[in-house]
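*Asks:* Sharing input_36.csv here; it has CSV, C-alpha atoms.
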chain,number,residue,atom,x,y,z
A,27,MET,CA,-23.3,30.7,-59.9
A,28,ALA,CA,-23.3,32.7,-63.2
A,29,GLU,CA,-26.4,34.5,-64.6
A,30,PRO,CA,-28.6,32.1,-66.6
A,31,ALA,CA,-27.8,33.7,-69.9
A,32,ALA,CA,-24.0,33.6,-69.2
A,33,GLN,CA,-24.4,30.0,-68.0
A,34,THR,CA,-26.2,29.0,-71.2
A,35,ALA,CA,-23.5,30.8,-73.4
A,36,PHE,CA,-20.8,29.0,-71.4
A,37,ALA,CA,-22.5,25.6,-71.8
A,38,GLU,CA,-23.0,26.1,-75.5
A,39,GLU,CA,-19.4,27.0,-76.1
A,40,ALA,CA,-18.3,24.1,-73.9
A,41,LEU,CA,-20.5,21.7,-75.9
A,42,THR,CA,-18.7,22.6,-79.1
A,43,HIS,CA,-15.8,20.5,-77.7
A,44,LEU,CA,-18.0,17.5,-76.9
A,45,ASP,CA,-16.6,15.2,-79.6
A,46,THR,CA,-13.0,15.9,-78.5
A,47,LEU,CA,-13.9,15.1,-74.9
A,48,TYR,CA,-15.9,12.0,-75.8
A,49,ARG,CA,-13.2,10.6,-78.1
A,50,GLY,CA,-10.6,11.3,-75.4
A,51,ALA,CA,-12.8,9.6,-72.7
A,52,LEU,CA,-13.5,6.7,-75.0
A,53,ARG,CA,-9.8,6.1,-75.6
A,54,LEU,CA,-9.1,6.3,-71.9
A,55,THR,CA,-11.9,4.1,-70.6
A,56,HIS,CA,-12.4,1.8,-73.7
A,57,ASP,CA,-16.1,1.8,-72.8
A,58,PRO,CA,-18.8,4.0,-74.3
A,59,ASP,CA,-21.0,4.1,-71.1
A,60,GLN,CA,-18.1,4.9,-68.9
A,61,ALA,CA,-17.0,7.5,-71.4
A,62,GLN,CA,-20.4,9.2,-71.3
A,63,ASP,CA,-20.4,9.2,-67.5
A,64,LEU,CA,-17.0,10.7,-67.4
A,65,VAL,CA,-17.8,13.4,-69.9
A,66,GLN,CA,-21.1,14.2,-68.2
A,67,GLU,CA,-19.4,14.6,-64.8
A,68,ALA,CA,-16.6,16.7,-66.5
A,69,TYR,CA,-19.2,19.1,-67.9
A,70,LEU,CA,-21.0,19.4,-64.6
A,71,ARG,CA,-17.8,20.1,-62.9
A,72,ALA,CA,-16.8,22.6,-65.6
A,73,LEU,CA,-20.1,24.4,-65.1
A,74,ARG,CA,-19.6,24.5,-61.4
A,75,TYR,CA,-16.1,25.9,-61.7
A,76,GLN,CA,-16.6,28.1,-64.8
A,77,HIS,CA,-15.4,31.1,-62.8
A,78,SER,CA,-11.9,29.6,-62.9
A,79,TYR,CA,-11.9,29.5,-66.7
A,80,GLN,CA,-10.2,32.5,-68.1
A,81,GLN,CA,-11.9,33.9,-71.2
A,82,GLY,CA,-9.7,33.9,-74.2
A,83,THR,CA,-7.7,30.9,-73.1
A,84,ASN,CA,-8.1,27.4,-74.6
A,85,MET,CA,-11.4,26.1,-73.4
A,86,LYS,CA,-10.9,22.7,-75.1
A,87,ALA,CA,-7.6,22.2,-73.2
A,88,TRP,CA,-9.3,23.3,-69.9
A,89,LEU,CA,-12.2,20.9,-70.4
A,90,PHE,CA,-9.9,18.0,-71.4
A,91,ALA,CA,-7.9,18.7,-68.2
A,92,ILE,CA,-11.0,18.4,-66.1
A,93,MET,CA,-12.1,15.2,-67.8
A,94,ARG,CA,-8.7,13.4,-67.7
A,95,ASN,CA,-8.2,14.4,-64.0
A,96,LEU,CA,-11.6,12.9,-63.2
A,97,PHE,CA,-10.5,9.8,-65.1
A,98,TRP,CA,-7.3,9.5,-63.1
A,99,ASP,CA,-9.2,10.1,-59.8
A,100,ARG,CA,-12.0,7.7,-60.6
A,101,PHE,CA,-10.2,4.9,-62.3
A,102,LYS,CA,-6.6,5.1,-61.2
A,103,GLY,CA,-6.9,6.6,-57.7
A,104,SER,CA,-4.7,9.5,-58.9
A,105,ARG,CA,-1.7,7.2,-59.2
A,106,LYS,CA,-0.1,8.3,-62.4
A,107,ASP,CA,3.3,6.8,-61.7
A,108,ASP,CA,2.4,3.1,-62.0
A,109,VAL,CA,2.4,2.8,-65.7
A,110,SER,CA,5.3,2.5,-68.0
A,111,LEU,CA,6.1,1.5,-71.5
A,112,ASP,CA,8.3,-1.4,-72.4
A,113,ASP,CA,11.6,-0.1,-73.6
A,114,VAL,CA,11.4,-0.8,-77.4
A,115,GLY,CA,14.6,1.2,-78.0
A,116,GLU,CA,14.7,3.5,-81.0
A,117,PHE,CA,12.1,1.7,-83.1
A,118,VAL,CA,11.6,3.5,-86.4
A,119,LEU,CA,9.0,1.8,-88.5
A,120,TYR,CA,10.2,3.5,-91.6
A,121,ASP,CA,13.7,2.2,-91.2
A,122,LYS,CA,12.5,-1.3,-90.4
A,123,LEU,CA,10.2,-1.4,-93.5
A,124,ARG,CA,13.0,0.0,-95.6
A,125,ASP,CA,15.5,-2.6,-94.4
A,126,GLU,CA,13.0,-5.3,-95.3
A,127,GLY,CA,12.4,-4.0,-98.8
A,128,ALA,CA,8.8,-2.8,-98.4
A,129,ARG,CA,8.7,-0.2,-101.1
A,130,PRO,CA,7.1,2.2,-101.0
A,131,GLU,CA,7.1,2.1,-97.2
A,132,SER,CA,3.9,4.2,-96.9
A,133,ASP,CA,1.9,1.6,-98.7
A,134,VAL,CA,2.2,-0.6,-95.7
A,135,LEU,CA,0.3,1.9,-93.6
A,136,ASP,CA,-2.6,1.9,-96.1
A,137,LYS,CA,-2.9,-1.9,-95.7
A,138,ILE,CA,-3.4,-1.7,-91.9
A,139,ALA,CA,-7.0,-1.5,-91.0
A,140,ALA,CA,-8.2,1.5,-88.9
A,141,SER,CA,-9.4,-0.9,-86.2
A,142,GLU,CA,-5.8,-2.2,-85.8
A,143,VAL,CA,-4.5,1.3,-85.5
A,144,VAL,CA,-7.0,2.1,-82.8
A,145,ALA,CA,-6.1,-1.1,-81.1
A,146,ALA,CA,-2.4,-0.1,-81.1
A,147,VAL,CA,-3.3,3.3,-79.6
A,148,ASP,CA,-5.5,1.6,-77.0
A,149,LYS,CA,-2.6,-0.7,-76.0
A,150,LEU,CA,-0.5,2.3,-74.9
A,151,PRO,CA,-0.4,3.0,-71.2
A,152,PRO,CA,-2.9,5.8,-70.4
A,153,LEU,CA,-0.2,8.5,-69.7
A,154,HIS,CA,1.2,7.9,-73.2
A,155,ARG,CA,-2.1,7.3,-74.9
A,156,GLU,CA,-3.6,10.6,-73.8
A,157,VAL,CA,-0.7,12.5,-75.4
A,158,VAL,CA,-1.2,10.7,-78.7
A,159,VAL,CA,-4.9,11.5,-78.5
A,160,LEU,CA,-4.3,15.1,-77.9
A,161,VAL,CA,-1.5,15.8,-80.3
A,162,ASP,CA,-2.1,13.3,-83.1
A,163,VAL,CA,-5.8,12.8,-83.1
A,164,GLU,CA,-7.1,16.2,-81.8
A,165,GLY,CA,-4.3,18.4,-83.2
A,166,PHE,CA,-3.3,20.1,-79.9
A,167,SER,CA,-0.1,22.0,-79.9
A,168,TYR,CA,2.5,20.8,-77.4
A,169,LYS,CA,1.8,23.9,-75.3
A,170,ASP,CA,-2.0,23.2,-75.2
A,171,ALA,CA,-1.3,19.5,-74.5
A,172,ALA,CA,1.0,20.5,-71.7
A,173,GLN,CA,-1.8,22.6,-70.3
A,174,ALA,CA,-4.4,19.9,-70.5
A,175,LEU,CA,-2.1,17.3,-68.9
A,176,GLY,CA,-0.6,19.6,-66.3
A,177,VAL,CA,3.0,18.8,-67.3
A,178,PRO,CA,5.9,20.7,-68.9
A,179,ILE,CA,6.2,20.8,-72.7
A,180,GLY,CA,9.4,18.6,-72.5
A,181,THR,CA,7.3,15.9,-70.8
A,182,VAL,CA,4.8,16.1,-73.6
A,183,MET,CA,7.6,15.7,-76.2
A,184,SER,CA,9.3,12.8,-74.4
A,185,ARG,CA,6.0,10.9,-73.8
A,186,LEU,CA,4.9,11.5,-77.4
A,187,HIS,CA,8.2,10.2,-78.7
A,188,ARG,CA,8.1,7.0,-76.6
A,189,ALA,CA,4.4,6.5,-77.5
A,190,ARG,CA,5.1,6.8,-81.2
A,191,GLN,CA,7.9,4.3,-80.9
A,192,GLN,CA,5.6,1.8,-79.2
A,193,LEU,CA,2.9,2.5,-81.7
A,194,GLN,CA,5.2,1.9,-84.6
A,195,LYS,CA,6.4,-1.3,-83.0
A,196,SER,CA,2.8,-2.5,-82.5
A,197,LEU,CA,1.9,-1.7,-86.1
A,198,TYR,CA,5.0,-3.5,-87.4
A,199,ASP,CA,4.2,-6.6,-85.3
A,200,TYR,CA,0.6,-6.5,-86.7
A,201,ALA,CA,1.9,-6.1,-90.3
A,202,VAL,CA,4.2,-9.1,-89.8
A,203,GLU,CA,1.5,-11.3,-88.1
A,204,SER,CA,-1.0,-10.5,-90.8
A,205,GLY,CA,1.5,-11.1,-93.7
A,206,ILE,CA,1.6,-7.5,-94.9
A,207,VAL,CA,5.3,-7.6,-94.2
A,208,ARG,CA,7.6,-10.5,-94.3
A,209,PRO,CA,10.6,-10.0,-92.0
A,210,GLY,CA,14.0,-10.7,-93.4
A,211,GLY,CA,12.7,-10.9,-96.9
A,212,MET,CA,11.9,-8.7,-99.8
A,213,THR,CA,8.4,-7.6,-98.8
A,214,GLN,CA,5.9,-7.1,-101.6
A,215,VAL,CA,3.2,-4.7,-100.7
A,216,SER,CA,0.4,-6.1,-102.9
A,217,GLN,CA,-2.1,-3.7,-104.5
A,218,GLN,CA,-5.7,-4.4,-103.6
B,9,MET,CA,21.8,20.8,-92.2
B,10,ARG,CA,22.9,17.2,-91.8
B,11,CYS,CA,20.5,14.2,-92.1
B,12,GLU,CA,20.9,13.4,-88.4
B,13,GLU,CA,19.8,16.9,-87.4
B,14,CYS,CA,16.9,16.7,-89.8
B,15,SER,CA,15.9,13.4,-88.3
B,16,ASP,CA,16.1,14.8,-84.8
B,17,LYS,CA,13.7,17.7,-85.8
B,18,LEU,CA,11.3,15.6,-87.8
B,19,ASP,CA,8.8,15.0,-85.1
B,20,ARG,CA,8.5,18.7,-84.3
B,21,PHE,CA,8.5,19.5,-88.0
B,22,VAL,CA,5.6,17.1,-88.6
B,23,ASP,CA,3.8,18.5,-85.5
B,24,ARG,CA,4.4,22.1,-86.8
B,25,GLU,CA,6.3,22.9,-83.6
B,26,LEU,CA,9.5,24.3,-85.0
B,27,THR,CA,10.2,28.0,-85.2
B,28,ASN,CA,9.8,29.5,-88.7
B,29,THR,CA,13.6,29.6,-89.1
B,30,GLU,CA,14.1,26.0,-88.0
B,31,ALA,CA,11.2,24.8,-90.2
B,32,LEU,CA,12.7,26.6,-93.2
B,33,GLU,CA,16.0,24.9,-92.6
B,34,VAL,CA,14.4,21.5,-92.4
B,35,GLN,CA,12.3,22.3,-95.5
B,36,LEU,CA,15.4,23.3,-97.5
B,37,HIS,CA,17.2,20.1,-96.4
B,38,LEU,CA,14.2,17.9,-97.4
B,39,GLU,CA,14.0,19.5,-100.8
B,40,GLY,CA,17.6,18.5,-101.4
B,41,CYS,CA,17.6,15.1,-99.8
B,42,PRO,CA,15.3,12.4,-101.2
B,43,ASP,CA,15.9,10.0,-98.3
B,44,CYS,CA,14.9,12.4,-95.6
B,45,MET,CA,12.0,13.6,-97.8
B,46,GLU,CA,10.7,10.0,-98.0
B,47,HIS,CA,11.1,9.6,-94.2
B,48,TYR,CA,9.3,12.8,-93.6
B,49,GLU,CA,6.4,11.8,-95.9
B,50,PHE,CA,6.2,8.5,-94.1
B,51,GLN,CA,5.9,10.2,-90.7
B,52,GLU,CA,3.3,12.6,-92.0
B,53,HIS,CA,1.4,9.7,-93.4
B,54,LEU,CA,1.6,7.8,-90.1
B,55,LYS,CA,0.2,10.8,-88.2
B,56,ARG,CA,-2.6,11.1,-90.7
B,57,VAL,CA,-3.4,7.4,-90.4
B,58,VAL,CA,-3.5,7.6,-86.6
B,59,LYS,CA,-5.8,10.7,-86.7
B,60,HIS,CA,-8.2,9.3,-89.3
B,61,SER,CA,-8.4,5.9,-87.5
B,62,CYS,CA,-9.2,7.5,-84.1
B,63,ASP,CA,-11.3,10.6,-84.9
B,64,CYS,CA,-14.3,8.9,-86.4
B,65,ASP,CA,-16.0,8.4,-83.0
B,66,THR,CA,-18.4,11.2,-82.2
B,67,ALA,CA,-20.6,11.7,-79.2
B,68,PRO,CA,-24.0,10.1,-79.8
B,69,LYS,CA,-26.8,12.6,-80.5
B,70,ALA,CA,-28.9,11.4,-77.6
B,71,PHE,CA,-26.0,12.0,-75.3
B,72,ARG,CA,-25.4,15.5,-76.7
B,73,ASP,CA,-29.1,16.3,-76.3
B,74,LYS,CA,-29.1,14.9,-72.7
B,75,LEU,CA,-26.1,17.0,-71.8
B,76,ARG,CA,-27.6,20.1,-73.3
B,77,GLN,CA,-30.7,19.6,-71.2
B,78,ILE,CA,-28.6,19.0,-68.0
B,79,LEU,CA,-26.4,22.0,-68.6
B,80,SER,CA,-29.2,24.5,-69.4
Starting from the file, lay out its structure as structure tokens.
*Replies:*
Amino acid sequence: MAEPAAQTAFAEEALTHLDTLYRGALRLTHDPDQAQDLVQEAYLRALRYQHSYQQGTNMKAWLFAIMRNLFWDRFKGSRKDDVSLDDVGEFVLYDKLRDEGARPESDVLDKIAASEVVAAVDKLPPLHREVVVLVDVEGFSYKDAAQALGVPIGTVMSRLHRARQQLQKSLYDYAVESGIVRPGGMTQVSQQ
Amino acid sequence: MRCEECSDKLDRFVDRELTNTEALEVQLHLEGCPDCMEHYEFQEHLKRVVKHSCDCDTAPKAFRDKLRQILS
């Protein structure tokens, strides 16, 4: 065990990443209580294994790796191969909106409530969801995301690509269901 | 650069993952191609929307305090 002062310094630095870990845990578990349990256990484990953390490397990625590994152990029995995304093909929301006359296309995005965007992220399978959380929400580089997830950078890129396709498909479906977009017709994006 | 190549590199451009040279090539293409520029701005906007929708959750203060106590 480290000296008390060193341990306190380590804990303080680790706690600066708490929001990232909590948000990640929340997106993975969908439950605030389970997210807190997961994060607490991750911090205790990090403290126990702090000797394996190399100073100067990315502590946030290291902590996230501990948290998501605990998630997979606890909730998925370490089985990471049993989830897949439906093949939506090359779904490009921009092209779809453009074809349907929604101009400017970006205005459609402003009409979609934040809660619907979160719901679309939550619908992604966990292996794809965690990559969106790391890269799009927390701003991790592909390299740091690869470190946190324990996969090659190419896997980060392919999962991210597929996740974004699915995400765009979900947002498009919502935009159609809620009348923001009318498929096949000239869509008017009304100003609120 | 052709539009197809620009489109292939758009994800990495938006994620700031291209080399400086590649990013400059994409930037130059975007400046001369309104269609690709619009597509790029849409992708940027989408990434921002995802971020802002998901990053408003923060750890509750009571939980932060509890963790600090446990870890000290």
*Asks:* List every residue of chain B that has an atom at most 6 Å from any atom of chain A, and for each one report the closest atom pair and its distance in Å to one decimal, counting only C-alpha atoms, with rows sorted by chain and then by increasing residue number, as CSV.
*Replies:*
residue,atom,partner,partner_atom,distance
B:Phe50,CA,A:Ser132,CA,5.6
B:Lys59,CA,A:Val163,CA,4.2
B:Ser61,CA,A:Ala140,CA,4.6
B:Cys62,CA,A:Val144,CA,6.0
B:Thr66,CA,A:Asp45,CA,5.1
B:Ala67,CA,A:Asp45,CA,5.3
B:Ser80,CA,A:Thr34,CA,5.7
*Asks:* Identify which of the residues B:Leu32, B:Phe21, B:Asp63, B:Thr27 lies closest to Tyr48 (chain B), counting all atoms listed in the file when measuring atom-to-atom distances.
*Replies:*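 Distance minimum relative to Tyr48 (chain B) lands on B:Phe21.
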*Asks:* Measure the distance from CA of Lys17 (chain B) to CA of Glu30 (chain B) in Å and round it to one decimal.
*Replies:*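 CA of Lys17 (chain B) sits 8.6 Å away from CA of Glu30 (chain B).
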*Asks:* Could you tell me how far CA of His47 (chain B) sits from CA of Val34 (chain B), in Å to one decimal place?
*Replies:*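 It comes out at 12.5 Å.
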*Asks:* Considering only C-alpha atoms, can you say which of B:Leu75, B:Val58, B:Val22, B:Met9 comes closest to His37 (chain B)?
*Replies:*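 Ranking B:Leu75, B:Val58, B:Val22, B:Met9 by distance to His37 (chain B), first place goes to B:Met9.
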*Asks:* Counting only C-alpha atoms, which of A:Lys137, A:His77, A:Arg71, A:Arg185 gets nearest to Ile78 (chain B)?
*Replies:*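 Under the stated criterion, the closest residue is A:Arg71.
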*Asks:* Rounded to one decimal place, report the CA of Arg76 (chain B)-CA of Ala32 (chain A) distance in Å.
*Replies:* 14.6 Å
*Asks:* Using all atoms listed in the file, find the one residue out of B:Cys14, B:Leu54, B:Pro42, B:Lys74 that sits nearest to Leu26 (chain B).
*Replies:*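 Among the listed residues, B:Cys14 lies closest to Leu26 (chain B).
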